[in-house]
file my_file_15.pdb (PDB, C-alpha atoms, pLDDT in the B column)
ATOM      1  CA  MET A 356       0.000   0.000   0.000  1.00 85.00           C
ATOM      2  CA  LYS A 357       1.106   3.534  -0.734  1.00 92.00           C
ATOM      3  CA  GLN A 358       1.193   5.140   2.719  1.00 90.00           C
ATOM      4  CA  LYS A 359       1.285   8.660   1.290  1.00 93.00           C
ATOM      5  CA  GLN A 360      -1.955   8.020  -0.613  1.00 95.00           C
ATOM      6  CA  VAL A 361      -3.605   6.434   2.447  1.00 94.00           C
ATOM      7  CA  THR A 362      -2.777   9.620   4.354  1.00 94.00           C
ATOM      8  CA  GLU A 363      -4.197  11.687   1.501  1.00 96.00           C
ATOM      9  CA  LEU A 364      -7.437   9.683   1.590  1.00 97.00           C
ATOM     10  CA  LEU A 365      -7.709  10.173   5.357  1.00 96.00           C
ATOM     11  CA  MET A 366      -7.155  13.928   5.059  1.00 97.00           C
ATOM     12  CA  GLN A 367      -9.643  14.319   2.221  1.00 97.00           C
ATOM     13  CA  SER A 368     -12.192  12.200   4.091  1.00 98.00           C
ATOM     14  CA  LEU A 369     -11.778  14.294   7.233  1.00 98.00           C
ATOM     15  CA  GLU A 370     -12.096  17.519   5.238  1.00 98.00           C
ATOM     16  CA  HIS A 371     -15.184  16.218   3.488  1.00 98.00           C
ATOM     17  CA  GLU A 372     -16.826  15.225   6.785  1.00 98.00           C
ATOM     18  CA  LYS A 373     -16.094  18.723   8.148  1.00 98.00           C
ATOM     19  CA  GLY A 374     -17.742  20.145   5.045  1.00 98.00           C
ATOM     20  CA  GLY A 375     -20.608  17.712   5.571  1.00 98.00           C
ATOM     21  CA  VAL A 376     -21.343  19.336   8.923  1.00 98.00           C
ATOM     22  CA  LEU A 377     -21.735  22.684   7.134  1.00 98.00           C
ATOM     23  CA  VAL A 378     -23.812  21.066   4.387  1.00 98.00           C
ATOM     24  CA  TYR A 379     -26.267  19.617   6.914  1.00 98.00           C
ATOM     25  CA  GLU A 380     -26.389  22.814   8.970  1.00 98.00           C
ATOM     26  CA  THR A 381     -27.284  24.742   5.812  1.00 98.00           C
ATOM     27  CA  ALA A 382     -29.670  22.073   4.510  1.00 98.00           C
ATOM     28  CA  LEU A 383     -31.580  22.297   7.790  1.00 98.00           C
ATOM     29  CA  ARG A 384     -32.169  25.991   7.054  1.00 98.00           C
ATOM     30  CA  CYS A 385     -33.787  24.931   3.755  1.00 98.00           C
ATOM     31  CA  VAL A 386     -35.914  21.993   4.850  1.00 98.00           C
ATOM     32  CA  ILE A 387     -39.684  22.310   5.174  1.00 97.00           C
ATOM     33  CA  ASN A 388     -40.695  18.620   5.443  1.00 97.00           C
ATOM     34  CA  GLN A 389     -40.702  17.689   9.142  1.00 97.00           C
ATOM     35  CA  ASP A 390     -39.753  14.032   8.573  1.00 97.00           C
ATOM     36  CA  LEU A 391     -36.788  15.096   6.447  1.00 98.00           C
ATOM     37  CA  ARG A 392     -35.786  17.660   9.087  1.00 98.00           C
ATOM     38  CA  GLU A 393     -35.654  14.934  11.731  1.00 97.00           C
ATOM     39  CA  GLU A 394     -33.582  12.703   9.475  1.00 96.00           C
ATOM     40  CA  TRP A 395     -31.113  15.464   8.627  1.00 98.00           C
ATOM     41  CA  GLU A 396     -30.787  16.413  12.306  1.00 98.00           C
ATOM     42  CA  THR A 397     -29.751  12.815  12.999  1.00 98.00           C
ATOM     43  CA  TYR A 398     -27.338  12.832  10.066  1.00 98.00           C
ATOM     44  CA  LEU A 399     -25.815  16.117  11.254  1.00 98.00           C
ATOM     45  CA  ASP A 400     -25.127  14.591  14.678  1.00 98.00           C
ATOM     46  CA  GLU A 401     -23.651  11.477  13.063  1.00 98.00           C
ATOM     47  CA  THR A 402     -21.500  13.568  10.706  1.00 98.00           C
ATOM     48  CA  ARG A 403     -20.120  15.562  13.638  1.00 98.00           C
ATOM     49  CA  ASN A 404     -19.228  12.224  15.203  1.00 98.00           C
ATOM     50  CA  HIS A 405     -17.541  11.117  11.965  1.00 98.00           C
ATOM     51  CA  VAL A 406     -15.313  14.206  12.180  1.00 98.00           C
ATOM     52  CA  ARG A 407     -14.378  13.201  15.725  1.00 98.00           C
ATOM     53  CA  ILE A 408     -13.719   9.588  14.701  1.00 98.00           C
ATOM     54  CA  LEU A 409     -11.482  10.526  11.758  1.00 98.00           C
ATOM     55  CA  THR A 410      -9.613  13.067  13.871  1.00 98.00           C
ATOM     56  CA  GLU A 411      -8.938  10.347  16.450  1.00 96.00           C
ATOM     57  CA  VAL A 412      -7.827   7.908  13.723  1.00 96.00           C
ATOM     58  CA  CYS A 413      -5.333  10.499  12.466  1.00 95.00           C
ATOM     59  CA  GLN A 414      -4.025  11.075  15.981  1.00 95.00           C
ATOM     60  CA  THR A 415      -3.770   7.313  16.629  1.00 93.00           C
ATOM     61  CA  LEU A 416      -1.745   6.950  13.430  1.00 91.00           C
ATOM     62  CA  GLY A 417       0.527   9.844  14.424  1.00 93.00           C
ATOM     63  CA  LEU A 418      -0.831  12.130  11.704  1.00 94.00           C
ATOM     64  CA  ASP A 419      -1.618  15.814  12.069  1.00 96.00           C
ATOM     65  CA  PRO A 420      -5.347  16.041  11.230  1.00 96.00           C
ATOM     66  CA  GLU A 421      -4.754  19.513   9.761  1.00 95.00           C
ATOM     67  CA  THR A 422      -2.179  18.321   7.212  1.00 94.00           C
ATOM     68  CA  PRO A 423      -2.794  20.374   4.055  1.00 92.00           C
ATOM     69  CA  SER A 424      -2.697  19.117   0.489  1.00 93.00           C
ATOM     70  CA  PRO A 425      -3.824  20.557  -2.843  1.00 93.00           C
ATOM     71  CA  ALA A 426      -6.590  17.937  -3.132  1.00 95.00           C
ATOM     72  CA  ARG A 427      -7.781  18.612   0.411  1.00 96.00           C
ATOM     73  CA  THR A 428      -8.131  22.279  -0.529  1.00 97.00           C
ATOM     74  CA  ILE A 429     -10.290  21.280  -3.508  1.00 97.00           C
ATOM     75  CA  VAL A 430     -12.468  19.058  -1.302  1.00 98.00           C
ATOM     76  CA  HIS A 431     -12.955  22.055   1.009  1.00 98.00           C
ATOM     77  CA  LYS A 432     -13.986  24.233  -1.942  1.00 98.00           C
ATOM     78  CA  ILE A 433     -16.464  21.635  -3.198  1.00 98.00           C
ATOM     79  CA  GLY A 434     -18.161  21.577   0.208  1.00 98.00           C
ATOM     80  CA  GLY A 435     -18.236  25.359   0.222  1.00 98.00           C
ATOM     81  CA  SER A 436     -19.843  25.337  -3.224  1.00 98.00           C
ATOM     82  CA  LEU A 437     -22.635  23.069  -1.976  1.00 98.00           C
ATOM     83  CA  VAL A 438     -23.261  25.405   0.957  1.00 98.00           C
ATOM     84  CA  ALA A 439     -23.227  28.453  -1.362  1.00 98.00           C
ATOM     85  CA  ALA A 440     -25.742  26.798  -3.687  1.00 98.00           C
ATOM     86  CA  MET A 441     -28.161  26.230  -0.824  1.00 98.00           C
ATOM     87  CA  VAL A 442     -27.740  29.768   0.504  1.00 98.00           C
ATOM     88  CA  GLU A 443     -28.477  31.133  -2.958  1.00 98.00           C
ATOM     89  CA  ALA A 444     -31.514  28.866  -3.302  1.00 98.00           C
ATOM     90  CA  LEU A 445     -32.823  30.188   0.016  1.00 97.00           C
ATOM     91  CA  SER A 446     -32.544  33.779  -1.123  1.00 97.00           C
ATOM     92  CA  GLU A 447     -33.675  33.333  -4.733  1.00 94.00           C
ATOM     93  CA  GLY A 448     -36.602  30.971  -4.822  1.00 87.00           C
ATOM     94  CA  PRO A 449     -39.594  29.497  -3.080  1.00 96.00           C
ATOM     95  CA  PRO A 450     -39.020  27.300  -0.015  1.00 97.00           C
ATOM     96  CA  GLU A 451     -39.888  24.106  -1.936  1.00 96.00           C
ATOM     97  CA  ALA A 452     -37.144  24.842  -4.475  1.00 97.00           C
ATOM     98  CA  ALA A 453     -34.587  25.542  -1.724  1.00 98.00           C
ATOM     99  CA  GLN A 454     -35.501  22.264  -0.033  1.00 98.00           C
ATOM    100  CA  LEU A 455     -35.034  20.377  -3.299  1.00 98.00           C
ATOM    101  CA  ILE A 456     -31.654  22.030  -3.972  1.00 98.00           C
ATOM    102  CA  ALA A 457     -30.615  21.189  -0.409  1.00 98.00           C
ATOM    103  CA  CYS A 458     -31.602  17.573  -0.945  1.00 98.00           C
ATOM    104  CA  GLU A 459     -29.541  17.417  -4.138  1.00 98.00           C
ATOM    105  CA  CYS A 460     -26.553  18.934  -2.322  1.00 98.00           C
ATOM    106  CA  VAL A 461     -26.875  16.346   0.444  1.00 98.00           C
ATOM    107  CA  VAL A 462     -26.922  13.541  -2.144  1.00 98.00           C
ATOM    108  CA  VAL A 463     -23.769  14.907  -3.789  1.00 98.00           C
ATOM    109  CA  ALA A 464     -22.017  15.163  -0.418  1.00 98.00           C
ATOM    110  CA  GLU A 465     -23.153  11.715   0.707  1.00 98.00           C
ATOM    111  CA  THR A 466     -22.001  10.122  -2.553  1.00 97.00           C
ATOM    112  CA  LYS A 467     -18.434  11.289  -1.827  1.00 97.00           C
ATOM    113  CA  ASP A 468     -18.740  10.238   1.825  1.00 96.00           C
ATOM    114  CA  HIS A 469     -19.899   6.783   0.812  1.00 96.00           C
ATOM    115  CA  LEU A 470     -16.961   6.372  -1.563  1.00 97.00           C
ATOM    116  CA  ASP A 471     -14.457   7.638   1.017  1.00 98.00           C
ATOM    117  CA  TRP A 472     -15.600   5.197   3.694  1.00 97.00           C
ATOM    118  CA  HIS A 473     -15.641   2.321   1.211  1.00 96.00           C
ATOM    119  CA  LEU A 474     -12.031   3.108   0.304  1.00 97.00           C
ATOM    120  CA  LEU A 475     -11.039   3.530   3.956  1.00 97.00           C
ATOM    121  CA  SER A 476     -12.535   0.095   4.627  1.00 97.00           C
ATOM    122  CA  LYS A 477     -10.425  -1.361   1.805  1.00 96.00           C
ATOM    123  CA  CYS A 478      -7.332   0.223   3.362  1.00 96.00           C
ATOM    124  CA  ALA A 479      -8.244  -1.145   6.789  1.00 96.00           C
ATOM    125  CA  GLU A 480      -8.254  -4.672   5.347  1.00 95.00           C
ATOM    126  CA  LYS A 481      -4.653  -4.289   4.161  1.00 94.00           C
ATOM    127  CA  LEU A 482      -3.006  -2.104   6.804  1.00 92.00           C
ATOM    128  CA  PRO A 483      -1.026  -3.998   9.445  1.00 90.00           C
ATOM    129  CA  GLY A 484      -1.149  -3.742  13.220  1.00 90.00           C
ATOM    130  CA  ALA A 485      -2.473  -0.718  15.087  1.00 87.00           C
ATOM    131  CA  MET A 486      -3.077   1.199  11.859  1.00 86.00           C
ATOM    132  CA  GLY A 487      -5.375  -1.491  10.503  1.00 93.00           C
ATOM    133  CA  ARG A 488      -7.159  -1.917  13.822  1.00 94.00           C
ATOM    134  CA  ALA A 489      -7.808   1.829  14.238  1.00 94.00           C
ATOM    135  CA  LEU A 490      -9.196   2.173  10.740  1.00 95.00           C
ATOM    136  CA  THR A 491     -11.238  -1.036  10.997  1.00 97.00           C
ATOM    137  CA  GLN A 492     -12.849   0.160  14.215  1.00 97.00           C
ATOM    138  CA  ALA A 493     -13.700   3.523  12.625  1.00 97.00           C
ATOM    139  CA  CYS A 494     -15.173   1.907   9.526  1.00 97.00           C
ATOM    140  CA  ASP A 495     -17.198  -0.558  11.578  1.00 97.00           C
ATOM    141  CA  GLU A 496     -18.738   2.354  13.462  1.00 96.00           C
ATOM    142  CA  VAL A 497     -19.463   4.564  10.447  1.00 97.00           C
ATOM    143  CA  GLU A 498     -20.071   2.530   7.273  1.00 93.00           C
ATOM    144  CA  ASP A 499     -23.677   1.496   8.020  1.00 93.00           C
ATOM    145  CA  GLN A 500     -24.531   5.108   8.804  1.00 95.00           C
ATOM    146  CA  GLU A 501     -23.007   6.253   5.524  1.00 96.00           C
ATOM    147  CA  ASP A 502     -25.025   3.644   3.635  1.00 94.00           C
ATOM    148  CA  GLU A 503     -28.205   4.937   5.223  1.00 94.00           C
ATOM    149  CA  HIS A 504     -27.267   8.572   4.585  1.00 96.00           C
ATOM    150  CA  LEU A 505     -26.736   7.933   0.872  1.00 96.00           C
ATOM    151  CA  TYR A 506     -29.640   5.621   0.068  1.00 94.00           C
ATOM    152  CA  HIS A 507     -32.216   7.446   2.169  1.00 95.00           C
ATOM    153  CA  SER A 508     -31.128  10.860   0.858  1.00 96.00           C
ATOM    154  CA  ARG A 509     -31.376   9.645  -2.734  1.00 95.00           C
ATOM    155  CA  GLY A 510     -34.892   8.410  -2.009  1.00 96.00           C
ATOM    156  CA  TRP A 511     -35.870  11.754  -0.490  1.00 97.00           C
ATOM    157  CA  CYS A 512     -34.448  13.601  -3.479  1.00 97.00           C
ATOM    158  CA  ARG A 513     -36.298  11.414  -5.970  1.00 95.00           C
ATOM    159  CA  GLU A 514     -39.626  11.697  -4.165  1.00 95.00           C
ATOM    160  CA  LEU A 515     -39.343  15.457  -3.620  1.00 97.00           C
ATOM    161  CA  TRP A 516     -38.648  15.864  -7.329  1.00 97.00           C
ATOM    162  CA  ILE A 517     -41.659  13.680  -8.181  1.00 95.00           C
ATOM    163  CA  GLU A 518     -43.799  15.794  -5.860  1.00 96.00           C
ATOM    164  CA  SER A 519     -42.486  19.009  -7.460  1.00 96.00           C
ATOM    165  CA  LEU A 520     -43.443  17.658 -10.882  1.00 96.00           C
ATOM    166  CA  GLY A 521     -47.040  17.264  -9.755  1.00 96.00           C
ATOM    167  CA  MET A 522     -46.994  13.495  -9.544  1.00 94.00           C
ATOM    168  CA  LYS A 523     -47.809  11.228  -6.620  1.00 93.00           C
ATOM    169  CA  ALA A 524     -44.823  11.107  -4.284  1.00 93.00           C
ATOM    170  CA  ILE A 525     -44.192   8.642  -1.481  1.00 92.00           C
ATOM    171  CA  LEU A 526     -43.095  10.636   1.567  1.00 93.00           C
ATOM    172  CA  PRO A 527     -41.218   9.582   3.573  1.00 93.00           C
ATOM    173  CA  PRO A 528     -39.635   7.602   0.742  1.00 94.00           C
ATOM    174  CA  PRO A 529     -39.696   3.790   0.660  1.00 90.00           C
ATOM    175  CA  GLU A 530     -35.950   3.688   1.451  1.00 92.00           C
ATOM    176  CA  GLU A 531     -36.762   5.311   4.773  1.00 86.00           C
ATOM    177  CA  ARG A 532     -39.731   3.083   5.558  1.00 84.00           C
ATOM    178  CA  LYS A 533     -37.786  -0.098   4.697  1.00 85.00           C
ATOM    179  CA  ASP A 534     -34.594   1.159   6.426  1.00 83.00           C
ATOM    180  CA  VAL A 535     -32.507   0.464   3.304  1.00 85.00           C
ATOM    181  CA  LYS A 536     -28.756   0.158   3.905  1.00 84.00           C
ATOM    182  CA  ASN A 537     -27.301  -1.293   0.693  1.00 83.00           C
ATOM    183  CA  ALA A 538     -27.365  -0.694  -3.050  1.00 85.00           C
ATOM    184  CA  VAL A 539     -29.294  -3.861  -3.897  1.00 88.00           C
ATOM    185  CA  SER A 540     -32.090  -3.088  -1.432  1.00 85.00           C
ATOM    186  CA  ALA A 541     -32.172   0.558  -2.579  1.00 86.00           C
ATOM    187  CA  ALA A 542     -32.618  -0.525  -6.202  1.00 85.00           C
ATOM    188  CA  GLN A 543     -35.319  -3.057  -5.283  1.00 88.00           C
ATOM    189  CA  VAL A 544     -37.272  -0.574  -3.178  1.00 83.00           C
ATOM    190  CA  ALA A 545     -37.051   2.143  -5.853  1.00 83.00           C
ATOM    191  CA  HIS A 546     -38.190  -0.326  -8.513  1.00 82.00           C
ATOM    192  CA  ARG A 547     -41.169  -1.495  -6.430  1.00 81.00           C
ATOM    193  CA  SER A 548     -42.192   2.095  -5.706  1.00 78.00           C
ATOM    194  CA  GLU A 549     -42.168   2.897  -9.439  1.00 79.00           C
ATOM    195  CA  GLN A 550     -44.307  -0.160 -10.152  1.00 76.00           C
ATOM    196  CA  GLY A 551     -46.816   0.959  -7.533  1.00 71.00           C
ATOM    197  CA  ARG A 552     -47.343   4.497  -8.846  1.00 66.00           C
TER     198      ARG A 552
END
call {"tool": "encode", "arguments": {"input": "my_file_15.pdb", "output": "structure tokens"}}
result
Amino acid sequence: MKQKQVTELLMQSLEHEKGGVLVYETALRCVINQDLREEWETYLDETRNHVRILTEVCQTLGLDPETPSPARTIVHKIGGSLVAAMVEALSEGPPEAAQLIACECVVVAETKDHLDWHLLSKCAEKLPGAMGRALTQACDEVEDQEDEHLYHSRGWCRELWIESLGMKAILPPPEERKDVKNAVSAAQVAHRSEQGR
């Protein structure tokens, strides 16, 4: 394994989780659906905990959690762009449009989170000793949450779009009702919901 690239992944993941806190804080300013608000409040708390977990992993591995890199700077800017998009949506359009933009921004952020934690899990399988154990413990604690964040948020986004188009939406979405936590289940639930419309 390329240790330098593992460190880069850790730093980008930590930066993205920090940005995720800001994304959820801003998304909560946009949300009007009470069920979605409750879900995002939970995800905000979990994302704050993910920041803590990754910071502790860095410290356990003897890494400075503030280590800069050009790619980490870009990750920071991407998160800032998502926040800026939601702020603009709040000031420019109706509340329903701001909520939909916020949902899309959450899906974009959670897609990167999901990938990061998948890759961190792959690293944990290969890293020896204390490094592998620290990363395995972190991944075991976080990966199921990240699965839920991604698949449930995608369901919310789809159903809010369907509602905005004047069609019958299922709210909360089926992913939420069935507590979907993997890609296969997400696809099956989405397919069944389309068949039932």
call {"tool": "closest_residue", "arguments": {"input": "my_file_15.pdb", "among": "A:Asp390, A:Glu447, A:Glu372, A:Glu530", "to": "A:His469", "atoms": "all atoms listed in the file"}}
result
A:Glu372
call {"tool": "residues_around", "arguments": {"input": "my_file_15.pdb", "residues": "A:Lys533", "least_positions_apart": "3", "cutoff": "12 Å", "atoms": "only C-alpha atoms", "output": "PDB file with C-alpha atoms, in the coordinates of the input"}}
result
ATOM      1  CA  GLU A 503     -28.205   4.937   5.223  1.00 94.00           C
ATOM      2  CA  TYR A 506     -29.640   5.621   0.068  1.00 94.00           C
ATOM      3  CA  HIS A 507     -32.216   7.446   2.169  1.00 95.00           C
ATOM      4  CA  GLY A 510     -34.892   8.410  -2.009  1.00 96.00           C
ATOM      5  CA  PRO A 527     -41.218   9.582   3.573  1.00 93.00           C
ATOM      6  CA  PRO A 528     -39.635   7.602   0.742  1.00 94.00           C
ATOM      7  CA  PRO A 529     -39.696   3.790   0.660  1.00 90.00           C
ATOM      8  CA  GLU A 530     -35.950   3.688   1.451  1.00 92.00           C
ATOM      9  CA  LYS A 536     -28.756   0.158   3.905  1.00 84.00           C
ATOM     10  CA  ASN A 537     -27.301  -1.293   0.693  1.00 83.00           C
ATOM     11  CA  SER A 540     -32.090  -3.088  -1.432  1.00 85.00           C
ATOM     12  CA  ALA A 541     -32.172   0.558  -2.579  1.00 86.00           C
ATOM     13  CA  GLN A 543     -35.319  -3.057  -5.283  1.00 88.00           C
ATOM     14  CA  VAL A 544     -37.272  -0.574  -3.178  1.00 83.00           C
ATOM     15  CA  ALA A 545     -37.051   2.143  -5.853  1.00 83.00           C
ATOM     16  CA  ARG A 547     -41.169  -1.495  -6.430  1.00 81.00           C
ATOM     17  CA  SER A 548     -42.192   2.095  -5.706  1.00 78.00           C
TER      18      SER A 548
END
call {"tool": "residues_around", "arguments": {"input": "my_file_15.pdb", "residues": "A:Asp419", "least_positions_apart": "3", "cutoff": "10 Å", "atoms": "all atoms listed in the file", "output": "PyMOL selection string"}}
result
chain A and resi 362+366+410+413-416+422-423
call {"tool": "write_last_selection", "arguments": {"input": "my_file_15.pdb", "atoms": "C-alpha atoms", "output": "short mmCIF file (atom, residue, chain, number, x, y, z; two decimals), in the coordinates of the input"}}
result
data_model
loop_
_atom_site.label_atom_id
_atom_site.label_comp_id
_atom_site.auth_asym_id
_atom_site.auth_seq_id
_atom_site.Cartn_x
_atom_site.Cartn_y
_atom_site.Cartn_z
CA THR A 362 -2.78 9.62 4.35
CA MET A 366 -7.16 13.93 5.06
CA THR A 410 -9.61 13.07 13.87
CA CYS A 413 -5.33 10.50 12.47
CA GLN A 414 -4.03 11.08 15.98
CA THR A 415 -3.77 7.31 16.63
CA LEU A 416 -1.74 6.95 13.43
CA THR A 422 -2.18 18.32 7.21
CA PRO A 423 -2.79 20.37 4.06
#
call {"tool": "residues_around", "arguments": {"input": "my_file_15.pdb", "residues": "stretch 432-438 of chain A", "least_positions_apart": "4", "cutoff": "7 Å", "atoms": "only C-alpha atoms", "output": "PyMOL selection string"}}
result
chain A and resi 371+374+377-378+381+428+442+460
call {"tool": "residues_around", "arguments": {"input": "my_file_15.pdb", "residues": "stretch 485-502 of chain A", "least_positions_apart": "3", "cutoff": "8 Å", "atoms": "all atoms listed in the file", "output": "list in words"}}
result
Glu401, His405, Ile408, Leu409, Val412, Thr415, Leu416, Glu465, Asp468, His469, Trp472, His473, Leu475, Ser476, Cys478, Ala479, Glu480, Lys481, Leu482, Leu505, Tyr506, Lys536 and Asn537 of chain A
call {"tool": "atom_distance", "arguments": {"input": "my_file_15.pdb", "atom1": "atom CA of A:Glu531", "atom2": "atom CA of A:Val462"}}
result
14.6 Å
call {"tool": "axis_aligned_box", "arguments": {"input": "my_file_15.pdb", "around": "stretch 503-508 of chain A", "padding_each_side": "8 Å", "output": "lines of an AutoDock Vina configuration file"}}
result
center_x = -29.5
center_y = 7.9
center_z = 2.6
size_x = 21.5
size_y = 21.9
size_z = 21.2
call {"tool": "atom_distance", "arguments": {"input": "my_file_15.pdb", "atom1": "atom CA of A:Gly375", "atom2": "atom CA of A:His546"}}
result
28.9 Å
call {"tool": "atom_distance", "arguments": {"input": "my_file_15.pdb", "atom1": "atom CA of A:Ile517", "atom2": "atom CA of A:Glu451"}}
result
12.3 Å
call {"tool": "closest_residue", "arguments": {"input": "my_file_15.pdb", "among": "A:His504, A:Met522, A:Ala440, A:Val535", "to": "A:Lys467", "atoms": "all atoms listed in the file"}}
result
A:His504
call {"tool": "closest_residue", "arguments": {"input": "my_file_15.pdb", "among": "A:Pro420, A:Ala426, A:Gly448, A:Arg403", "to": "A:Gln360", "atoms": "all atoms listed in the file"}}
result
A:Ala426
call {"tool": "closest_residue", "arguments": {"input": "my_file_15.pdb", "among": "A:Leu365, A:Ala457, A:Ile429, A:Leu418", "to": "A:Asn388", "atoms": "all atoms listed in the file"}}
result
A:Ala457
call {"tool": "closest_residue", "arguments": {"input": "my_file_15.pdb", "among": "A:Leu520, A:Ala542, A:Cys458, A:Ile525", "to": "A:Ile387", "atoms": "all atoms listed in the file"}}
result
A:Cys458
call {"tool": "closest_residue", "arguments": {"input": "my_file_15.pdb", "among": "A:Arg532, A:Gly417, A:Lys477, A:Trp395", "to": "A:Glu380", "atoms": "only C-alpha atoms"}}
result
A:Trp395
